[in-house]
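*Asks:* Have a look at the structure that comes next, please.
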Amino acid sequence: MTTVLIFLVIFGLLVFVHEFGHFFVAKKSGVLVREFSIGMGPKLFQTRRKKTSYTIRWLPLGGYVRLAGKDDISTIDPGTNVILVLDEKGKGVRIDASESDILISGIPVQVTKADLVKELTIQGYENGDESKECTYSVDHDATIIDNTGTELSIAPEDTQFQNAKIWQKISTNIAGPLMNIILGFVIFIIWSISTVGPSTTTIARTLEHSPASTVLKKNDQIIAVNGKKVASFEDFSEKVAENKSKKMQVTVKRASGIKTFSLTPKLVKRNSEKVYQIGIFAKSDERFSVKLARGWNMAVNTTGLIFKAVGNLISHFSLNKLSGPVGIYSQTSQVSKFGLSAVVVFLAMISINLGIMNLLPIPGLDGGKLLLNLVELIRGKPIPEEHETAVEIAGVVFLLILIILVTGNDIYRYFIK
């Protein structure tokens with residue numbers, strides 16, 4: 001149960017941050033964000049603020065942002081019965097098209113024609129009186145209640161995403177992946193600042209009955225191994241591991257001067273692993289600047305490794321190099337055994353990975369949308385709608401097939417094999 005909760009928190013946070021990036025930039029660009037949803041499935045809670053409906057849905061898996069566009073406009077089919085709420089000027093400000101049994105105060109209208117994009121009008125028969133057709137003007141900021149009971153702003157032409165300036169489209173599409181990458185960097189830095197500082201080459205204490213206990217002292221600074229300079233504690237550990245059980249020369253700097261001692265690493269078991277050690281505990285560097293630099297470097301190194309992995313995936317494709325929700329769940333289960341600190345680092349890595357993968361120029365991903373934006377920028381005019389739709393459909397089909405294959409492979413790898 002703990003693993004499930006951790007997985008839901010990780011998955012939910014990553015999707016929320018991603019969608020918030022799209023939401024924030026779209027709002028700033030003047031594009032109407034009709035809905036910002038946390039979770040999927042049936043609606044649990046809804047509130048409206050500044051033309052956007054904020055909903056919480058029953059399934060705690062991700063979320064989404066509904067941007068006003070050609071694929072998400074409010075339509076009312078002829079013959080639909082609606083309740084139209086008018087303001088003091090006689091303009092429609094609220095349209096209940098849900099045909100539910102819940103009554104709201106307004107005018108019952110049987111719609112014959114509705115245009116909520118350009119003309120902003122509704123034509124129909126008031127109170128079922130078919131002897132006279134009435135025409136109602138609809139306010140630019142009116143809302144409509146759809147057949148799911150969700151109240152959304154209508155999407156007039158000037159608020160739709162495809163009519164935004166090209167730089168607004170690019171910034172909106174790139175914002176989601178960028179937010180994931182930024183989140184990863186922030187988590188790495190916060191983790192680094194809040195945990196013990198990096199180990200130094202200065203000895204804090206030695207382990208009793210260890211090779212180091214008889215010759216090395218507290219505050220000794222290790223400067224070389226077998227005549228080779230030691231740059232960090234990690235560097236020292238690697239040199240010990242490479243030396244194995246052979247005698248080694250350890251040079252230290254202490255108050256009385258430079259000293260060199262002969263030590264033979266001891267083979268011990270640690271967490272079911274065999275390691276060579278001389279038995280020292282290093283002092284940590286608790287300076288804020290050092291911790292900050294460590295967090296930043298971890299984020300940069302992780303980003304570099306992910307780019308390298310993506311390049312390797314492209315040149316030598318294998319389903320085993322990809323993971324979907326099932327794979328991430330299994331990895332979460334393994335990581336959670338090592339405690340909160342490991343989970344936090346895992347979250348940072350997954351967040352950066354998600355951001356970079358979403359930037360791949362594959363139709364259906366944000367990177368695919370950015371590619372179309374760049375083509376539009378080069379052409380100096382929008383891509384024909386039918387061409388853009390065909391590319392997007394092909395991308396979605398490709399992603400669905402890939403998701404099915406990756407999920408099936410994850411189930412086999414982690415639960416069957």
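The way I read the labels, and the way they are meant: chains A, B, ... in the order of the structure tokens, residue 1 as the first residue of every chain, and ligand 1 as the first ligand shown, with later ones counted on from there.
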If we count only C-alpha atoms, what is near segment 5-12 of chain A at a cut-off of 7 Å, once residues fewer than 6 positions away on the same chain are taken out, given as JSON, numbers by chain?
*Replies:* {"A": [60, 61, 62, 329, 332, 347]}
*Asks:* DSSP on the backbone, then: every residue of segment 94-247 of chain A marked strand (DSSP E or B), written as an MDAnalysis selection string.
*Replies:* chainID A and resid 94:96 107:115 121:126 133:145 151:153 199:206 221:225 228:229
*Asks:* Which residues are near Asn180 of chain A? Cut-off 10 Å, only C-alpha atoms, ignore same chain within fewer than 3 positions. Put them as a list in words.
*Replies:*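 Surrounding residues, per the criterion: Leu13, Leu14, Val15, Phe16, Val17, His18, Glu19, Phe20, Gly21, Ala175, Gly176, Pro177, Leu183, Gly184, Phe185, Val186, Ala348, Met349, Ile350, Ser351, Ile352, Asn353, Leu354, Gly355, Ile356 and Asn358 of chain A.
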*Asks:* Go ahead and dump the residues you just picked, N, CA, C and O atoms, as an mmCIF file, in the first residue's frame.
*Replies:*
```
data_model
loop_
_atom_site.group_PDB
_atom_site.id
_atom_site.type_symbol
_atom_site.label_atom_id
_atom_site.label_comp_id
_atom_site.auth_asym_id
_atom_site.auth_seq_id
_atom_site.Cartn_x
_atom_site.Cartn_y
_atom_site.Cartn_z
ATOM 1 N N LEU A 13 2.317 14.273 -9.122
ATOM 2 C CA LEU A 13 3.092 15.511 -9.047
ATOM 3 C C LEU A 13 3.740 15.830 -10.389
ATOM 4 O O LEU A 13 3.722 16.985 -10.841
ATOM 5 N N LEU A 14 4.304 14.819 -11.048
ATOM 6 C CA LEU A 14 4.968 15.047 -12.330
ATOM 7 C C LEU A 14 3.993 15.554 -13.384
ATOM 8 O O LEU A 14 4.294 16.497 -14.131
ATOM 9 N N VAL A 15 2.825 14.940 -13.447
ATOM 10 C CA VAL A 15 1.829 15.357 -14.443
ATOM 11 C C VAL A 15 1.269 16.726 -14.088
ATOM 12 O O VAL A 15 1.069 17.575 -14.959
ATOM 13 N N PHE A 16 1.020 16.956 -12.797
ATOM 14 C CA PHE A 16 0.483 18.247 -12.367
ATOM 15 C C PHE A 16 1.439 19.382 -12.742
ATOM 16 O O PHE A 16 1.023 20.408 -13.302
ATOM 17 N N VAL A 17 2.716 19.210 -12.449
ATOM 18 C CA VAL A 17 3.707 20.248 -12.751
ATOM 19 C C VAL A 17 3.806 20.465 -14.257
ATOM 20 O O VAL A 17 3.893 21.600 -14.736
ATOM 21 N N HIS A 18 3.765 19.369 -15.012
ATOM 22 C CA HIS A 18 3.828 19.462 -16.470
ATOM 23 C C HIS A 18 2.650 20.274 -17.012
ATOM 24 O O HIS A 18 2.831 21.209 -17.798
ATOM 25 N N GLU A 19 1.450 19.899 -16.581
ATOM 26 C CA GLU A 19 0.253 20.585 -17.074
ATOM 27 C C GLU A 19 0.183 22.023 -16.567
ATOM 28 O O GLU A 19 -0.321 22.908 -17.261
ATOM 29 N N PHE A 20 0.695 22.264 -15.368
ATOM 30 C CA PHE A 20 0.701 23.633 -14.839
ATOM 31 C C PHE A 20 1.568 24.539 -15.722
ATOM 32 O O PHE A 20 1.260 25.723 -15.905
ATOM 33 N N GLY A 21 2.651 23.986 -16.270
ATOM 34 C CA GLY A 21 3.495 24.762 -17.169
ATOM 35 C C GLY A 21 2.704 25.238 -18.381
ATOM 36 O O GLY A 21 2.750 26.419 -18.751
ATOM 37 N N ALA A 175 6.527 24.814 -22.365
ATOM 38 C CA ALA A 175 6.438 25.091 -20.925
ATOM 39 C C ALA A 175 6.272 23.833 -20.077
ATOM 40 O O ALA A 175 6.846 23.734 -18.990
ATOM 41 N N GLY A 176 5.492 22.859 -20.565
ATOM 42 C CA GLY A 176 5.273 21.633 -19.784
ATOM 43 C C GLY A 176 6.552 20.861 -19.537
ATOM 44 O O GLY A 176 6.936 20.607 -18.388
ATOM 45 N N PRO A 177 7.275 20.453 -20.609
ATOM 46 C CA PRO A 177 8.553 19.754 -20.410
ATOM 47 C C PRO A 177 9.555 20.571 -19.609
ATOM 48 O O PRO A 177 10.286 20.030 -18.773
ATOM 49 N N LEU A 183 11.679 21.340 -12.214
ATOM 50 C CA LEU A 183 11.317 20.657 -10.969
ATOM 51 C C LEU A 183 12.422 19.702 -10.545
ATOM 52 O O LEU A 183 12.792 19.640 -9.365
ATOM 53 N N GLY A 184 12.977 18.947 -11.506
ATOM 54 C CA GLY A 184 14.061 18.026 -11.186
ATOM 55 C C GLY A 184 15.261 18.742 -10.602
ATOM 56 O O GLY A 184 15.843 18.299 -9.606
ATOM 57 N N PHE A 185 15.643 19.878 -11.205
ATOM 58 C CA PHE A 185 16.776 20.664 -10.698
ATOM 59 C C PHE A 185 16.483 21.177 -9.285
ATOM 60 O O PHE A 185 17.348 21.109 -8.399
ATOM 61 N N VAL A 186 15.275 21.687 -9.077
ATOM 62 C CA VAL A 186 14.904 22.227 -7.756
ATOM 63 C C VAL A 186 14.941 21.135 -6.688
ATOM 64 O O VAL A 186 15.460 21.339 -5.583
ATOM 65 N N ALA A 348 13.343 13.328 -8.670
ATOM 66 C CA ALA A 348 14.072 14.340 -9.445
ATOM 67 C C ALA A 348 14.537 13.768 -10.783
ATOM 68 O O ALA A 348 14.415 14.415 -11.838
ATOM 69 N N MET A 349 15.060 12.548 -10.763
ATOM 70 C CA MET A 349 15.547 11.912 -11.989
ATOM 71 C C MET A 349 14.407 11.660 -12.965
ATOM 72 O O MET A 349 14.536 11.942 -14.168
ATOM 73 N N ILE A 350 13.286 11.143 -12.461
ATOM 74 C CA ILE A 350 12.138 10.852 -13.328
ATOM 75 C C ILE A 350 11.579 12.140 -13.920
ATOM 76 O O ILE A 350 11.165 12.187 -15.084
ATOM 77 N N SER A 351 11.567 13.216 -13.134
ATOM 78 C CA SER A 351 11.025 14.489 -13.603
ATOM 79 C C SER A 351 11.844 15.031 -14.777
ATOM 80 O O SER A 351 11.282 15.445 -15.802
ATOM 81 N N ILE A 352 13.165 15.022 -14.646
ATOM 82 C CA ILE A 352 14.030 15.489 -15.736
ATOM 83 C C ILE A 352 13.879 14.583 -16.952
ATOM 84 O O ILE A 352 13.798 15.054 -18.095
ATOM 85 N N ASN A 353 13.800 13.290 -16.702
ATOM 86 C CA ASN A 353 13.638 12.321 -17.786
ATOM 87 C C ASN A 353 12.338 12.561 -18.546
ATOM 88 O O ASN A 353 12.309 12.552 -19.786
ATOM 89 N N LEU A 354 11.244 12.802 -17.809
ATOM 90 C CA LEU A 354 9.943 13.050 -18.437
ATOM 91 C C LEU A 354 9.992 14.305 -19.304
ATOM 92 O O LEU A 354 9.461 14.331 -20.421
ATOM 93 N N GLY A 355 10.630 15.354 -18.783
ATOM 94 C CA GLY A 355 10.732 16.595 -19.533
ATOM 95 C C GLY A 355 11.498 16.414 -20.834
ATOM 96 O O GLY A 355 11.062 16.874 -21.896
ATOM 97 N N ILE A 356 12.626 15.722 -20.775
ATOM 98 C CA ILE A 356 13.454 15.523 -21.970
ATOM 99 C C ILE A 356 12.751 14.628 -22.988
ATOM 100 O O ILE A 356 12.741 14.915 -24.193
ATOM 101 N N ASN A 358 9.614 14.246 -23.427
ATOM 102 C CA ASN A 358 8.490 14.965 -24.029
ATOM 103 C C ASN A 358 8.937 15.949 -25.101
ATOM 104 O O ASN A 358 8.114 16.422 -25.888
#
```
*Asks:* What is the atom CA of Ser153 of chain A-atom CA of Arg94 of chain A distance in Å, reported with one decimal?
*Replies:*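 Pair atom CA of Ser153 of chain A / atom CA of Arg94 of chain A returns 9.0 Å.
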*Asks:* Go through segment 155-266 of chain A and collect every residue that DSSP, computed from the backbone, puts in alpha helix (DSSP H); the answer should be as a ChimeraX atom specification.
*Replies:* /A:166-194,233-243
*Asks:* Pull N, CA, C and O atoms from the residues just selected and write them as a short mmCIF file (atom, residue, chain, number, x, y, z; two decimals), in the first residue's frame.
*Replies:*
```cif
data_model
loop_
_atom_site.label_atom_id
_atom_site.label_comp_id
_atom_site.auth_asym_id
_atom_site.auth_seq_id
_atom_site.Cartn_x
_atom_site.Cartn_y
_atom_site.Cartn_z
N ILE A 166 2.70 32.82 -33.09
CA ILE A 166 3.56 31.65 -33.14
C ILE A 166 4.45 31.54 -31.91
O ILE A 166 4.66 30.45 -31.38
N TRP A 167 4.97 32.66 -31.40
CA TRP A 167 5.83 32.60 -30.23
C TRP A 167 5.04 32.19 -28.99
O TRP A 167 5.58 31.56 -28.07
N GLN A 168 3.73 32.51 -28.98
CA GLN A 168 2.88 32.08 -27.86
C GLN A 168 2.63 30.58 -27.92
O GLN A 168 2.59 29.90 -26.89
N LYS A 169 2.47 30.05 -29.13
CA LYS A 169 2.29 28.60 -29.29
C LYS A 169 3.55 27.85 -28.84
O LYS A 169 3.48 26.85 -28.11
N ILE A 170 4.70 28.35 -29.30
CA ILE A 170 5.97 27.70 -28.95
C ILE A 170 6.20 27.71 -27.45
O ILE A 170 6.54 26.69 -26.83
N SER A 171 6.00 28.88 -26.81
CA SER A 171 6.24 28.99 -25.37
C SER A 171 5.27 28.13 -24.58
O SER A 171 5.63 27.54 -23.56
N THR A 172 4.02 28.02 -25.04
CA THR A 172 3.03 27.18 -24.35
C THR A 172 3.40 25.71 -24.45
O THR A 172 3.33 24.96 -23.48
N ASN A 173 3.80 25.27 -25.64
CA ASN A 173 4.13 23.86 -25.84
C ASN A 173 5.39 23.43 -25.10
O ASN A 173 5.50 22.30 -24.63
N ILE A 174 6.36 24.35 -25.03
CA ILE A 174 7.62 23.99 -24.38
C ILE A 174 7.54 24.10 -22.86
O ILE A 174 8.37 23.53 -22.13
N ALA A 175 6.53 24.81 -22.37
CA ALA A 175 6.44 25.09 -20.93
C ALA A 175 6.27 23.83 -20.08
O ALA A 175 6.85 23.73 -18.99
N GLY A 176 5.49 22.86 -20.56
CA GLY A 176 5.27 21.63 -19.78
C GLY A 176 6.55 20.86 -19.54
O GLY A 176 6.94 20.61 -18.39
N PRO A 177 7.27 20.45 -20.61
CA PRO A 177 8.55 19.75 -20.41
C PRO A 177 9.55 20.57 -19.61
O PRO A 177 10.29 20.03 -18.77
N LEU A 178 9.59 21.89 -19.87
CA LEU A 178 10.55 22.74 -19.17
C LEU A 178 10.27 22.76 -17.66
O LEU A 178 11.20 22.74 -16.85
N MET A 179 9.00 22.77 -17.29
CA MET A 179 8.64 22.75 -15.87
C MET A 179 9.10 21.45 -15.21
O MET A 179 9.54 21.46 -14.05
N ASN A 180 9.00 20.33 -15.93
CA ASN A 180 9.47 19.06 -15.37
C ASN A 180 10.98 19.09 -15.15
O ASN A 180 11.48 18.61 -14.12
N ILE A 181 11.71 19.65 -16.11
CA ILE A 181 13.17 19.74 -15.97
C ILE A 181 13.53 20.65 -14.81
O ILE A 181 14.41 20.33 -13.99
N ILE A 182 12.85 21.81 -14.72
CA ILE A 182 13.11 22.74 -13.63
C ILE A 182 12.81 22.09 -12.28
O ILE A 182 13.56 22.24 -11.31
N LEU A 183 11.68 21.34 -12.21
CA LEU A 183 11.32 20.66 -10.97
C LEU A 183 12.42 19.70 -10.55
O LEU A 183 12.79 19.64 -9.37
N GLY A 184 12.98 18.95 -11.51
CA GLY A 184 14.06 18.03 -11.19
C GLY A 184 15.26 18.74 -10.60
O GLY A 184 15.84 18.30 -9.61
N PHE A 185 15.64 19.88 -11.20
CA PHE A 185 16.78 20.66 -10.70
C PHE A 185 16.48 21.18 -9.28
O PHE A 185 17.35 21.11 -8.40
N VAL A 186 15.27 21.69 -9.08
CA VAL A 186 14.90 22.23 -7.76
C VAL A 186 14.94 21.14 -6.69
O VAL A 186 15.46 21.34 -5.58
N ILE A 187 14.42 19.96 -7.02
CA ILE A 187 14.41 18.85 -6.04
C ILE A 187 15.82 18.42 -5.70
O ILE A 187 16.15 18.20 -4.53
N PHE A 188 16.68 18.30 -6.71
CA PHE A 188 18.08 17.92 -6.45
C PHE A 188 18.75 18.94 -5.51
O PHE A 188 19.46 18.55 -4.57
N ILE A 189 18.53 20.21 -5.77
CA ILE A 189 19.17 21.25 -4.95
C ILE A 189 18.63 21.25 -3.53
O ILE A 189 19.39 21.32 -2.56
N ILE A 190 17.29 21.14 -3.38
CA ILE A 190 16.69 21.11 -2.04
C ILE A 190 17.17 19.88 -1.27
O ILE A 190 17.50 19.95 -0.08
N TRP A 191 17.20 18.74 -1.97
CA TRP A 191 17.68 17.50 -1.33
C TRP A 191 19.12 17.69 -0.86
O TRP A 191 19.46 17.31 0.27
N SER A 192 19.96 18.24 -1.72
CA SER A 192 21.38 18.40 -1.37
C SER A 192 21.56 19.34 -0.19
O SER A 192 22.37 19.06 0.71
N ILE A 193 20.81 20.44 -0.16
CA ILE A 193 20.93 21.42 0.93
C ILE A 193 20.44 20.85 2.25
O ILE A 193 21.00 21.15 3.31
N SER A 194 19.41 20.00 2.19
CA SER A 194 18.79 19.51 3.43
C SER A 194 19.42 18.24 3.99
O SER A 194 19.08 17.80 5.08
N PHE A 233 36.77 12.30 -1.82
CA PHE A 233 36.60 11.06 -1.07
C PHE A 233 36.16 9.94 -2.00
O PHE A 233 36.56 8.78 -1.82
N GLU A 234 35.34 10.27 -2.99
CA GLU A 234 34.90 9.26 -3.96
C GLU A 234 36.10 8.73 -4.75
O GLU A 234 36.19 7.53 -5.02
N ASP A 235 37.01 9.64 -5.08
CA ASP A 235 38.22 9.27 -5.79
C ASP A 235 39.06 8.31 -4.93
O ASP A 235 39.60 7.30 -5.42
N PHE A 236 39.15 8.63 -3.64
CA PHE A 236 39.89 7.78 -2.72
C PHE A 236 39.25 6.39 -2.64
O PHE A 236 39.95 5.36 -2.68
N SER A 237 37.94 6.33 -2.52
CA SER A 237 37.23 5.05 -2.43
C SER A 237 37.47 4.20 -3.67
O SER A 237 37.63 2.98 -3.58
N GLU A 238 37.48 4.84 -4.84
CA GLU A 238 37.73 4.12 -6.09
C GLU A 238 39.14 3.55 -6.11
O GLU A 238 39.35 2.40 -6.56
N LYS A 239 40.09 4.29 -5.60
CA LYS A 239 41.49 3.82 -5.58
C LYS A 239 41.64 2.62 -4.63
O LYS A 239 42.37 1.67 -4.92
N VAL A 240 40.91 2.66 -3.51
CA VAL A 240 40.94 1.54 -2.57
C VAL A 240 40.34 0.30 -3.23
O VAL A 240 40.87 -0.81 -3.12
N ALA A 241 39.20 0.50 -3.94
CA ALA A 241 38.52 -0.63 -4.60
C ALA A 241 39.41 -1.23 -5.68
O ALA A 241 39.46 -2.46 -5.85
N GLU A 242 40.11 -0.38 -6.42
CA GLU A 242 41.01 -0.85 -7.47
C GLU A 242 42.21 -1.60 -6.89
O GLU A 242 42.71 -2.57 -7.48
N ASN A 243 42.67 -1.17 -5.74
CA ASN A 243 43.84 -1.78 -5.10
C ASN A 243 43.54 -3.16 -4.53
O ASN A 243 44.42 -4.02 -4.43
#
```
*Asks:* Could you list, as a VMD selection string, every residue within 12 Å of Asn409 of chain A, counting only C-alpha atoms and ignoring same-chain residues fewer than 6 positions away?
*Replies:* chain A and resid 318 to 327 402 to 403 415 to 417
